[in-house]
Amino acid sequence: MIRSPVISDTLIGFAKVNTLDCSNNQISSPTDLHKFDAISKCESLNHLKLSNNYFVRAIPSIIGKCSNLRTFLLDGNIFQGPIPLELGQIHQLQILDVSINSITDRFHTQLANCRKLSFIMLTYLADPQ
């Protein structure tokens, strides 16, 4: 497990990392969001925790490359827009928390392939029109 205040390109050297917890670190966009590319190269990543930061743009579609992800916590940010379709490519996903964000989408299509999804938290989202 790595608990880090920054998402760094050096994560590429940690291909066997199982858990990455960057919660509660005031990480903001747009300068840090491009580093999701480094996260997507962590082949063994099962648990990604990015709760309570200051991400303000859309959830990056590159997250779909994290094929072994089981837990994905994005709560308490300011993510905007729709859930990326690529999230549905994470077939191992079991826990998803996108609460307390400005997500304006319905989830049926994107999450239809996440057949192991057993817990999803959707509270305090923007109201989809």
# chains A, B, ... in the order shown; residues from 1 in each chain; ligands from 1

$ residues_around --residues "Gln26 of chain A" --least-positions-apart "5" --cutoff "9 Å" --atoms "only C-alpha atoms" --output "ChimeraX atom specification"
/A:5,52-55

$ closest_residue --among "A:Cys114, A:Ile95, A:Ile90, A:Ile100" --to "Ser61 of chain A" --atoms "only C-alpha atoms"
A:Ile90

$ residues_around --residues "segment 69-73 of chain A" --least-positions-apart "4" --cutoff "8 Å" --atoms "only C-alpha atoms" --output "ChimeraX atom specification"
/A:45-51,90,92-98

$ write_last_selection --atoms "all heavy atoms" --output "CSV table (one decimal), in the first residue's frame"
chain,number,residue,atom,x,y,z
A,45,LEU,N,-3.0,-2.8,-9.3
A,45,LEU,CA,-3.8,-1.9,-8.5
A,45,LEU,C,-5.2,-2.4,-8.3
A,45,LEU,O,-5.9,-2.6,-9.3
A,45,LEU,CB,-3.8,-0.5,-9.1
A,45,LEU,CG,-4.4,0.6,-8.2
A,45,LEU,CD1,-3.6,0.8,-7.0
A,45,LEU,CD2,-4.4,1.9,-9.0
A,46,ASN,N,-5.6,-2.7,-7.1
A,46,ASN,CA,-6.9,-3.2,-6.7
A,46,ASN,C,-7.7,-2.1,-6.0
A,46,ASN,O,-9.0,-2.2,-6.1
A,46,ASN,CB,-6.8,-4.4,-5.8
A,46,ASN,CG,-6.3,-5.6,-6.5
A,46,ASN,OD1,-6.7,-5.9,-7.6
A,46,ASN,ND2,-5.4,-6.3,-5.9
A,47,HIS,N,-7.1,-1.2,-5.3
A,47,HIS,CA,-7.8,-0.3,-4.5
A,47,HIS,C,-7.3,1.1,-4.8
A,47,HIS,O,-6.1,1.4,-4.5
A,47,HIS,CB,-7.7,-0.6,-3.0
A,47,HIS,CG,-8.1,-2.0,-2.7
A,47,HIS,ND1,-9.4,-2.5,-2.7
A,47,HIS,CD2,-7.3,-3.1,-2.5
A,47,HIS,CE1,-9.4,-3.8,-2.5
A,47,HIS,NE2,-8.1,-4.2,-2.3
A,48,LEU,N,-8.1,2.0,-5.3
A,48,LEU,CA,-7.7,3.4,-5.6
A,48,LEU,C,-8.6,4.3,-4.8
A,48,LEU,O,-9.8,4.3,-5.0
A,48,LEU,CB,-7.8,3.7,-7.1
A,48,LEU,CG,-7.4,5.1,-7.5
A,48,LEU,CD1,-6.0,5.5,-7.0
A,48,LEU,CD2,-7.5,5.2,-9.0
A,49,LYS,N,-8.0,5.1,-3.9
A,49,LYS,CA,-8.8,6.0,-3.0
A,49,LYS,C,-8.3,7.4,-3.2
A,49,LYS,O,-7.2,7.8,-2.9
A,49,LYS,CB,-8.5,5.6,-1.5
A,49,LYS,CG,-8.9,4.1,-1.3
A,49,LYS,CD,-8.5,3.7,0.1
A,49,LYS,CE,-8.8,2.2,0.3
A,49,LYS,NZ,-8.5,1.8,1.7
A,50,LEU,N,-9.2,8.2,-3.8
A,50,LEU,CA,-8.9,9.6,-4.1
A,50,LEU,C,-9.9,10.5,-3.5
A,50,LEU,O,-10.2,11.6,-3.9
A,50,LEU,CB,-8.9,9.8,-5.6
A,50,LEU,CG,-7.9,9.0,-6.4
A,50,LEU,CD1,-8.2,9.2,-7.9
A,50,LEU,CD2,-6.5,9.4,-6.1
A,51,SER,N,-10.5,10.1,-2.4
A,51,SER,CA,-11.5,10.8,-1.6
A,51,SER,C,-11.0,12.1,-1.1
A,51,SER,O,-9.9,12.3,-0.7
A,51,SER,CB,-12.1,10.0,-0.5
A,51,SER,OG,-12.5,8.7,-1.0
A,90,ILE,N,-13.9,-1.9,-16.3
A,90,ILE,CA,-13.3,-2.4,-15.1
A,90,ILE,C,-14.2,-3.5,-14.6
A,90,ILE,O,-15.0,-3.3,-13.7
A,90,ILE,CB,-13.1,-1.3,-14.1
A,90,ILE,CG1,-12.3,-0.1,-14.7
A,90,ILE,CG2,-12.3,-1.9,-12.9
A,90,ILE,CD1,-12.2,1.1,-13.8
A,92,GLN,N,-13.7,-6.1,-12.8
A,92,GLN,CA,-13.5,-6.5,-11.4
A,92,GLN,C,-14.1,-5.6,-10.3
A,92,GLN,O,-14.1,-5.9,-9.2
A,92,GLN,CB,-12.0,-6.7,-11.1
A,92,GLN,CG,-11.3,-7.7,-12.1
A,92,GLN,CD,-11.9,-9.1,-11.9
A,92,GLN,OE1,-12.2,-9.6,-10.9
A,92,GLN,NE2,-12.1,-9.8,-13.1
A,93,LEU,N,-14.6,-4.4,-10.8
A,93,LEU,CA,-15.0,-3.4,-9.8
A,93,LEU,C,-16.1,-3.9,-8.9
A,93,LEU,O,-17.1,-4.4,-9.4
A,93,LEU,CB,-15.5,-2.2,-10.6
A,93,LEU,CG,-15.7,-0.9,-9.8
A,93,LEU,CD1,-14.4,-0.4,-9.1
A,93,LEU,CD2,-16.3,0.2,-10.7
A,94,GLN,N,-15.9,-3.8,-7.6
A,94,GLN,CA,-16.9,-4.2,-6.6
A,94,GLN,C,-17.5,-3.0,-5.8
A,94,GLN,O,-18.6,-3.1,-5.4
A,94,GLN,CB,-16.2,-5.2,-5.6
A,94,GLN,CG,-15.8,-6.4,-6.3
A,94,GLN,CD,-14.9,-7.3,-5.4
A,94,GLN,OE1,-14.7,-7.0,-4.2
A,94,GLN,NE2,-14.3,-8.4,-5.9
A,95,ILE,N,-16.6,-2.0,-5.6
A,95,ILE,CA,-17.1,-0.9,-4.8
A,95,ILE,C,-16.8,0.4,-5.5
A,95,ILE,O,-15.6,0.6,-5.9
A,95,ILE,CB,-16.3,-0.9,-3.4
A,95,ILE,CG1,-16.7,-2.1,-2.6
A,95,ILE,CG2,-16.7,0.4,-2.6
A,95,ILE,CD1,-15.8,-2.3,-1.4
A,96,LEU,N,-17.8,1.3,-5.7
A,96,LEU,CA,-17.6,2.5,-6.3
A,96,LEU,C,-18.3,3.6,-5.5
A,96,LEU,O,-19.5,3.5,-5.2
A,96,LEU,CB,-18.2,2.5,-7.7
A,96,LEU,CG,-18.3,3.8,-8.5
A,96,LEU,CD1,-16.8,4.3,-8.8
A,96,LEU,CD2,-19.0,3.7,-9.8
A,97,ASP,N,-17.6,4.6,-5.1
A,97,ASP,CA,-18.2,5.8,-4.4
A,97,ASP,C,-17.9,7.0,-5.1
A,97,ASP,O,-16.7,7.5,-5.2
A,97,ASP,CB,-17.6,5.8,-3.0
A,97,ASP,CG,-18.4,6.8,-2.1
A,97,ASP,OD1,-19.1,7.7,-2.6
A,97,ASP,OD2,-18.2,6.8,-0.9
A,98,VAL,N,-18.9,7.6,-5.7
A,98,VAL,CA,-18.8,8.9,-6.4
A,98,VAL,C,-19.6,10.0,-5.8
A,98,VAL,O,-19.9,11.0,-6.4
A,98,VAL,CB,-19.1,8.8,-7.9
A,98,VAL,CG1,-18.1,7.9,-8.7
A,98,VAL,CG2,-20.5,8.3,-8.1

$ closest_residue --among "A:Ile63, A:Leu74, A:Leu122, A:Ala58" --to "Ser23 of chain A" --atoms "only C-alpha atoms"
A:Leu74

$ atom_distance --atom1 "atom CA of Tyr124 of chain A" --atom2 "atom CA of Asn101 of chain A"
6.9 Å

$ residues_around --residues "segment 40-43 of chain A" --least-positions-apart "3" --cutoff "6 Å" --atoms "only C-alpha atoms" --output "list in words"
Ile12, Ala15, Asp37, Lys65 and Cys66 of chain A

$ write_last_selection --atoms "all heavy atoms" --output "PDB file, in the first residue's frame"
ATOM      1  N   ILE A  12       4.953   4.487 -11.916  1.00  0.00           N
ATOM      2  CA  ILE A  12       5.204   3.502 -12.960  1.00  0.00           C
ATOM      3  C   ILE A  12       6.166   2.437 -12.460  1.00  0.00           C
ATOM      4  O   ILE A  12       6.064   1.278 -12.810  1.00  0.00           O
ATOM      5  CB  ILE A  12       5.745   4.198 -14.231  1.00  0.00           C
ATOM      6  CG1 ILE A  12       4.659   5.110 -14.793  1.00  0.00           C
ATOM      7  CG2 ILE A  12       6.188   3.189 -15.271  1.00  0.00           C
ATOM      8  CD1 ILE A  12       5.126   6.048 -15.874  1.00  0.00           C
ATOM      9  N   ALA A  15       4.688  -1.184 -10.277  1.00  0.00           N
ATOM     10  CA  ALA A  15       3.680  -1.938 -11.025  1.00  0.00           C
ATOM     11  C   ALA A  15       2.935  -2.948 -10.156  1.00  0.00           C
ATOM     12  O   ALA A  15       1.838  -3.353 -10.488  1.00  0.00           O
ATOM     13  CB  ALA A  15       4.325  -2.637 -12.211  1.00  0.00           C
ATOM     14  N   ASP A  37      -2.577   8.788 -15.935  1.00  0.00           N
ATOM     15  CA  ASP A  37      -1.853   7.920 -16.861  1.00  0.00           C
ATOM     16  C   ASP A  37      -0.867   7.043 -16.089  1.00  0.00           C
ATOM     17  O   ASP A  37      -0.741   5.851 -16.353  1.00  0.00           O
ATOM     18  CB  ASP A  37      -1.124   8.743 -17.915  1.00  0.00           C
ATOM     19  CG  ASP A  37      -0.480   7.881 -18.972  1.00  0.00           C
ATOM     20  OD1 ASP A  37      -1.171   6.984 -19.502  1.00  0.00           O
ATOM     21  OD2 ASP A  37       0.706   8.096 -19.269  1.00  0.00           O
ATOM     22  N   LYS A  65      -8.357   1.639 -17.994  1.00  0.00           N
ATOM     23  CA  LYS A  65      -7.204   0.753 -18.163  1.00  0.00           C
ATOM     24  C   LYS A  65      -6.817   0.045 -16.872  1.00  0.00           C
ATOM     25  O   LYS A  65      -6.003  -0.866 -16.886  1.00  0.00           O
ATOM     26  CB  LYS A  65      -6.009   1.532 -18.700  1.00  0.00           C
ATOM     27  CG  LYS A  65      -6.206   1.986 -20.124  1.00  0.00           C
ATOM     28  CD  LYS A  65      -4.945   2.591 -20.669  1.00  0.00           C
ATOM     29  CE  LYS A  65      -5.134   2.950 -22.125  1.00  0.00           C
ATOM     30  NZ  LYS A  65      -3.903   3.443 -22.722  1.00  0.00           N
ATOM     31  N   CYS A  66      -7.388   0.458 -15.760  1.00  0.00           N
ATOM     32  CA  CYS A  66      -7.103  -0.185 -14.468  1.00  0.00           C
ATOM     33  C   CYS A  66      -7.999  -1.416 -14.337  1.00  0.00           C
ATOM     34  O   CYS A  66      -8.934  -1.453 -13.540  1.00  0.00           O
ATOM     35  CB  CYS A  66      -7.343   0.795 -13.331  1.00  0.00           C
ATOM     36  SG  CYS A  66      -6.253   2.212 -13.331  1.00  0.00           S
TER      37      CYS A  66
END

$ select_by_dssp --residues "segment 37-97 of chain A" --states "helix (DSSP H, G or I)" --output "ChimeraX atom specification"
/A:37-40,61-65,85-89

$ closest_residue --among "A:Gln89, A:Asn24, A:Ser99, A:Gln80" --to "Asn113 of chain A" --atoms "only C-alpha atoms"
A:Gln89

$ closest_residue --among "A:Ile62, A:Val56, A:Ile39, A:Leu117" --to "Ile78 of chain A" --atoms "only C-alpha atoms"
A:Val56

$ closest_residue --among "A:Leu20, A:Leu125, A:Pro82, A:Asn25" --to "Ala38 of chain A" --atoms "only C-alpha atoms"
A:Leu20
